[in-house]
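Worksheet: one structure, shown below.
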Amino acid sequence: MTALQPRRLSSVWRHASFSVKFSAVILVAGVVIAVVPLLLAQANTRGQAAERAADKVGIAANLVQGQQESLTAFAGGIARQVAAVGGLADPTALTTMLEQDGAVNQNEDVLAVFTGRSVAATRVGSSVTAADPLLVVIGTAVAGHLHIAADADGQPWLVASAQIPLSSSVAVVARPVTARFVSSVEHNLVTATDTADVSVVRHGRLAVAATVAGMRLRAGAAVSAQISDVLASPAVTVRPFLSGDVAIATASLGGGYTLLVTTPVDAVTAGWQPILLLVSLILVAMLFIVVVVQTSLQRPLRRLDRAVAALGRGDFDVPIPDGAVDELGRLAATFEAMRTRLRATIRATEARAAVATELSAAQPLETALRNVCAELRHSIEADAAIIVVTSSEMSDPFSIANGVEADDLDVLLSGDGPIGQGYRYEAAGALVLGTTPGSGEAQLGLREMCVAPLKVGGHIHGVLAGGNRARSFLPSDVDLIAATAEQVALALERYRFLAVVQRQASIDDLTDLYNHRFLVDYLGQQVALAERLNTPLSMLMLDIDHFKVLNDTHGHQAGDTALAAFAQTLLSTIRRADLAARYGGEEFCVVMSNTSGRDARTVAEKIRVAVAGLRIELPDGTPLGLTVSIGGAAFPEDTDTASELLSLADEALYSAKGGGRNRTCMSAETKQRVAGRRAPMIVAHTPVSKKSEAGASAHDQHRSAQ
């Protein structure tokens with residue numbers, strides 16, 4: 001009922017005659033005449049109070065700054081005195097000197113000299129020892145070049161320091177900011193007719209006892225919410241308080257402390273003159289009658305003219321007002337409908353271009369889809385945009401969402417909600433669906449969704465969806481979602497095709513192992529990495545024994561079967577972190593990072609034994625057994641280059657084959673070396689730490705256990 005009243009009043013006003021509007025205007029004019037002067041006077045008073053508060057907080061900050069400068073001069077005098085008498089060598093004499101200097105001061109100052117290893121200090125009116133936590137606080141402030149510090153009770157201290165000439169020692173003077181200190185600052189600001197309260201606040205609580213907005217508060221008491229909200233703002237504000245409005249001004253003292261000044265706003269009193277009020281009311285009423293007549297015709301026309309001019313400039317974001325129920329209102333409504341359609345068309349065109357740019361940019365697929373979601377949501381002004389991609393032979397399923405916090409939305413593809421229905425939607429375009437209670441989409445807070453399948457030909461890559469919590473989708477929104485889905489689907493198909501081509505370029509078709517080309521690149525990278533990290537790297541070269549005899553006896557199809565079976569045995573024997581590749585023909589390679597030559601030999605023997613135990617059944621039912629010869633080399637034990645590592649492993653392989661086959665031979669075990677092969681490496685002269693040796697030993701034990 002309450003929500004309908006403004007609409008009803010608005011409708012009555014639009015249909016009212018000019019005479020009724022004039023009468024209402026006269027009534028409003030009388031109220032304005034009575035209230036506006038009072039409001040203006042109050043605003044003026046508030047402004048004056050704010051100016052006074054700003055002036056006072058500036059003066060108070062200058063007074064505190066003057067205290068700081070005085071302390072700095074005091075510390076400089078102490079530093080010069082200590083340097084003149086050479087008192088740094090005698091801590092007792094130094095303490096006595098500080099006590100004499102502090103005796104001339106009536107404040108509770110702490111005087112100290114920090115020599116790096118020790119500290120001499122005294123406190124006016126009381127004692128302080130070198131182990132006093134207060135000295136730790138002061139020393140930390142001096143080291144950090146801070147001018148204010150907080151002790152264990154939260155009390156602020158002004159800190160000043162001076163370097164003692166011809167030494168690394170520092171003379172320090174620290175003065176506590178007490179209630180008496182704050183009162184002395186306040187005394188310099190206020191008069192009998194211009195009052196103000198000064199306090200020091202840290203983290204919303206008073207650092208020392210003080211009066212705030214007329215209320216006396218103890219140290220540690222929290223300030224009111226009206227004041228704490230403006231502590232971080234440098235601007236002067238006026239807030240209502242218990243005793244009336246108060247102007248609040250702040251200035252930062254550093255160290256988290258804020259100087260707070262509150263000034264009361266004077267109450268506004270006014271004596272109204274009835275005759276003057278009546279005359280003013282008549283004059284203002286007449287003026288408003290003229291204004292209403294003018295505005296009833298000219299103002300709507302001017303508004304319509306400005307809005308249509310904006311359309312002519314290409315600015316379609318300026319709404320056209322159509323509040324009046326007359327010819328002008330109907331004309332404005334027609335222009336507004338045209339503006340809305342044009343704006344939707346332009347936004348859709350811009351969105352298509354932006355989506356195409358994102359999908360064609362050189363960036364990861366998920367980044368591009370995330371940017372597409374953001375652009376789509378902005379263009380159709382939706383509450384959420386979601387892309388769900390199904391699994392394929394090149395990637396696992398994943399989802400991208402903008403506007404909602406959700407993961408693993410791919411489970412919704414098999415559900416009965418809008419995303420599941422969109423995934424199974426066979427027609428072209430997008431469809432608008434409402435969420436059902438209990439569905440995953442409803443749990444995201446969405447009421448209506450527009451979904452479109454990511455379809456290319458007969459293959460569906462997933463679903464693109466927009467979601468709203470309250471508003472409905474426009475036809476232009478549905479068209480844009482459908483067009484975006486086509487763009488995203490083509491991008492996903494292109495990504496899948498490129499991924500398949502890239503995989504085919506690096507994988508051997510027969511064995512599903514990496515090919516020779518990939519092996520060479522990978523080996524160079526691993527040697528460079530091992531060289532930089534000073535870690536071992538080993539390589540094995542494997543050759544199936546008598547493979548030519550197998551081909552000649554049983555045919556090449558049997559040879560292919562043996563190669564595939566050998567590759568699977570090889571993969572099941574090595575670690576997942578190791579790389580197995582087909583070098584060519586019946587030769588294979590294994591690259592093992594973080595593996596020494598000794599561990600590489602252990603792995604080679606595991607492979608050799610596993611292959612010897614392999615039994616293959618040929619298509620004609622003939623059983624077939626295999627053996628393998630293995631040669632190995634290790635970095636940096638045997639060589640320091642990738643090409644030589646491969647060559648040494650190959651030489652070791654030929655030694656294994658020459659020694660009778662079905663055996664393992666490491667490069668370190670062979671006696672044939674090319675001249676100059678054992679030239680010392682640069683890293684060989686670098687001492688290896690015990691920690692590195694221990695780490696290598698632990699790795700060897702773990703590798704041997706495998």
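Chains: A, B, ... in order of the structure tokens. Residues: from 1 per chain. Ligands: from 1, in order shown.
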(Q) Please list as a ChimeraX atom specification every residue within 9 Å of segment 359-368 of chain A, counting only C-alpha atoms and excluding residues in the same chain fewer than 3 positions away. (A) /A:354-356,371-373,398-400,487-488,491-492,495
Q: Using only C-alpha atoms, determine which residues lie at most 8 Å from Phe114 of chain A, disregarding the query and same-chain residues fewer than 6 positions distant; provide the list as a PyMOL selection string.
A: chain A and resi 120+139+169-172
Write out, as a short mmCIF file (atom, residue, chain, number, x, y, z; two decimals), in the first residue's frame, the residues just selected, with C-alpha atoms.
```
data_model
loop_
_atom_site.label_atom_id
_atom_site.label_comp_id
_atom_site.auth_asym_id
_atom_site.auth_seq_id
_atom_site.Cartn_x
_atom_site.Cartn_y
_atom_site.Cartn_z
CA ALA A 120 71.86 5.31 29.26
CA GLY A 139 64.51 3.03 20.36
CA SER A 169 75.41 7.10 19.06
CA VAL A 170 72.14 8.99 19.23
CA ALA A 171 70.77 11.37 21.86
CA VAL A 172 67.02 11.01 22.32
#
```
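You can rank A:Gly438, A:Ala131, A:Val265, A:Asp578 by their closest distance to Asn44 of chain A using only C-alpha atoms, and at the top of that list sits A:Val265.
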**Q.** Selection near Tyr583 of chain A, 7 Å with only C-alpha atoms, sequence-local residues under 2 positions removed, as a ChimeraX atom specification
**A.** /A:515-516,581,587-589
Q: Taking the chain letters and numbering used in this document, name the residues of segment 515-607 of chain A that DSSP puts in strand (DSSP E), as an NGL selection string.
A: :A and (537-544 or 579-584 or 587-593)
Q: Quick one: everything within 9 Å of Arg661 of chain A, counting only C-alpha atoms, minus sequence neighbours fewer than 2 positions away in the same chain. Send it as a list in words.
A: Asp545, Thr627, Val628, Ser629, Ile630, Ser655, Ala656, Lys657, Gly658, Gly659, Arg663 and Thr664 of chain A
Go ahead and save the picked residues with C-alpha atoms, as a PDB file, in the first residue's frame.
```pdb
ATOM      1  CA  ASP A 545      67.640 -56.756 -29.566  1.00  0.00           C
ATOM      2  CA  THR A 627      65.126 -58.309 -24.753  1.00  0.00           C
ATOM      3  CA  VAL A 628      66.663 -54.853 -24.745  1.00  0.00           C
ATOM      4  CA  SER A 629      70.167 -53.408 -24.590  1.00  0.00           C
ATOM      5  CA  ILE A 630      70.565 -50.178 -22.646  1.00  0.00           C
ATOM      6  CA  SER A 655      79.057 -51.211 -25.780  1.00  0.00           C
ATOM      7  CA  ALA A 656      76.066 -53.044 -24.300  1.00  0.00           C
ATOM      8  CA  LYS A 657      75.166 -54.526 -27.678  1.00  0.00           C
ATOM      9  CA  GLY A 658      78.798 -55.427 -28.346  1.00  0.00           C
ATOM     10  CA  GLY A 659      78.999 -57.108 -24.956  1.00  0.00           C
ATOM     11  CA  ARG A 663      72.500 -55.900 -20.699  1.00  0.00           C
ATOM     12  CA  THR A 664      73.023 -52.368 -19.318  1.00  0.00           C
TER      13      THR A 664
END
```
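Residues within 12 Å of Gly255 of chain A, counting only C-alpha atoms and excluding same-chain residues fewer than 4 positions away, are Val137, Thr140, Ala141, Gly144, His145, Leu146, His147, Ile148, Ala149, Ala150, Asp151, Gly154, Gln155, Pro156, Trp157, Leu158, Val159, Val200, Val201, Arg202, His203, Ala207 and Leu259 of chain A.
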Q.
I'd like the interatomic distance between atom CA of Ala143 of chain A and atom CA of Ser118 of chain A, to a tenth of an Å.
A. 14.6 Å
Q | Thr96 of chain A environment, 12 Å, only C-alpha atoms, sequence neighbours closer than 2 positions dropped, as a ChimeraX atom specification | A | /A:82,87-88,90-94,98-103,111-113,120-123
Only C-alpha atoms, please: the residues just picked out, written as a tab-separated table (two decimals), in the first residue's frame.
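This went into result.tsv:
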```tsv
chain	number	residue	atom	x	y	z
A	82	VAL	CA	77.96	14.53	25.24
A	87	GLY	CA	81.00	10.87	28.08
A	88	LEU	CA	80.18	7.86	25.93
A	90	ASP	CA	81.37	6.05	31.08
A	91	PRO	CA	77.67	5.00	31.28
A	92	THR	CA	77.42	6.17	34.90
A	93	ALA	CA	78.73	9.63	34.11
A	94	LEU	CA	76.48	9.73	31.05
A	98	LEU	CA	71.25	13.22	31.52
A	99	GLU	CA	69.76	13.63	35.02
A	100	GLN	CA	71.29	17.11	35.27
A	101	ASP	CA	69.87	18.05	31.86
A	102	GLY	CA	66.42	16.71	32.78
A	103	ALA	CA	66.35	18.58	36.09
A	111	LEU	CA	66.36	11.49	28.13
A	112	ALA	CA	68.48	8.70	26.68
A	113	VAL	CA	71.65	8.02	24.74
A	120	ALA	CA	71.86	5.31	29.26
A	121	ALA	CA	68.58	6.92	30.22
A	122	THR	CA	66.74	8.93	32.86
A	123	ARG	CA	63.15	10.08	33.31
```
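The environment of Glu531 of chain A within 9 Å, counting only C-alpha atoms and disregarding residues fewer than 4 places along the same chain, consists of Gln526, Val527, Thr535, Pro536, Phe635, Pro636, Asp640 and Val683 of chain A.
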How would the residues just picked look written out with C-alpha atoms as a PDB file, in the first residue's frame?
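Contents of the output file part_4.pdb:
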```
ATOM      1  CA  GLN A 526      66.630 -30.090 -19.081  1.00  0.00           C
ATOM      2  CA  VAL A 527      70.423 -29.804 -19.365  1.00  0.00           C
ATOM      3  CA  THR A 535      71.231 -30.921 -10.118  1.00  0.00           C
ATOM      4  CA  PRO A 536      71.988 -34.260 -11.812  1.00  0.00           C
ATOM      5  CA  PHE A 635      75.185 -35.053 -16.312  1.00  0.00           C
ATOM      6  CA  PRO A 636      77.420 -33.631 -14.962  1.00  0.00           C
ATOM      7  CA  ASP A 640      78.274 -30.907 -19.617  1.00  0.00           C
ATOM      8  CA  VAL A 683      81.060 -25.801 -11.724  1.00  0.00           C
TER       9      VAL A 683
END
```
Q: Using backbone DSSP assignments, extract all alpha helix (DSSP H) residues from segment 409-625 of chain A; output them as JSON, numbers by chain.
A: {"A": [418, 419, 420, 421, 422, 423, 440, 441, 442, 443, 475, 476, 477, 478, 479, 480, 481, 482, 483, 484, 485, 486, 487, 488, 489, 490, 491, 492, 493, 494, 495, 496, 497, 498, 499, 500, 501, 502, 503, 504, 505, 506, 516, 517, 518, 519, 520, 521, 522, 523, 524, 525, 526, 527, 528, 529, 530, 531, 532, 533, 547, 548, 549, 550, 551, 552, 553, 554, 556, 557, 558, 559, 560, 561, 562, 563, 564, 565, 566, 567, 568, 569, 570, 571, 572, 573, 597, 598, 599, 600, 601, 602, 603, 604, 605, 606, 607, 608, 609, 610, 611, 612]}
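The gap separating atom CA of Phe74 of chain A from atom CA of Gly116 of chain A is 20.8 Å, in Å to one decimal.
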Q | Top pick for closest residue to Asp197 of chain A, considering A:Ile481, A:Leu260, A:Ala564, A:Val128 and counting only C-alpha atoms | A | A:Leu260
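Separating atom CA of Gln525 of chain A from atom CA of Gly584 of chain A is a distance of 20.6 Å.
Using only C-alpha atoms, the shortest contact distance between Gly403 of chain A and any of A:Asn468, A:Ser538, A:Thr95, A:Thr622 is found at A:Asn468.
In this comparison, which uses only C-alpha atoms, the residue of A:Val388, A:Phe497, A:Ser224, A:Arg615 approaching Asp407 of chain A most closely is A:Val388.
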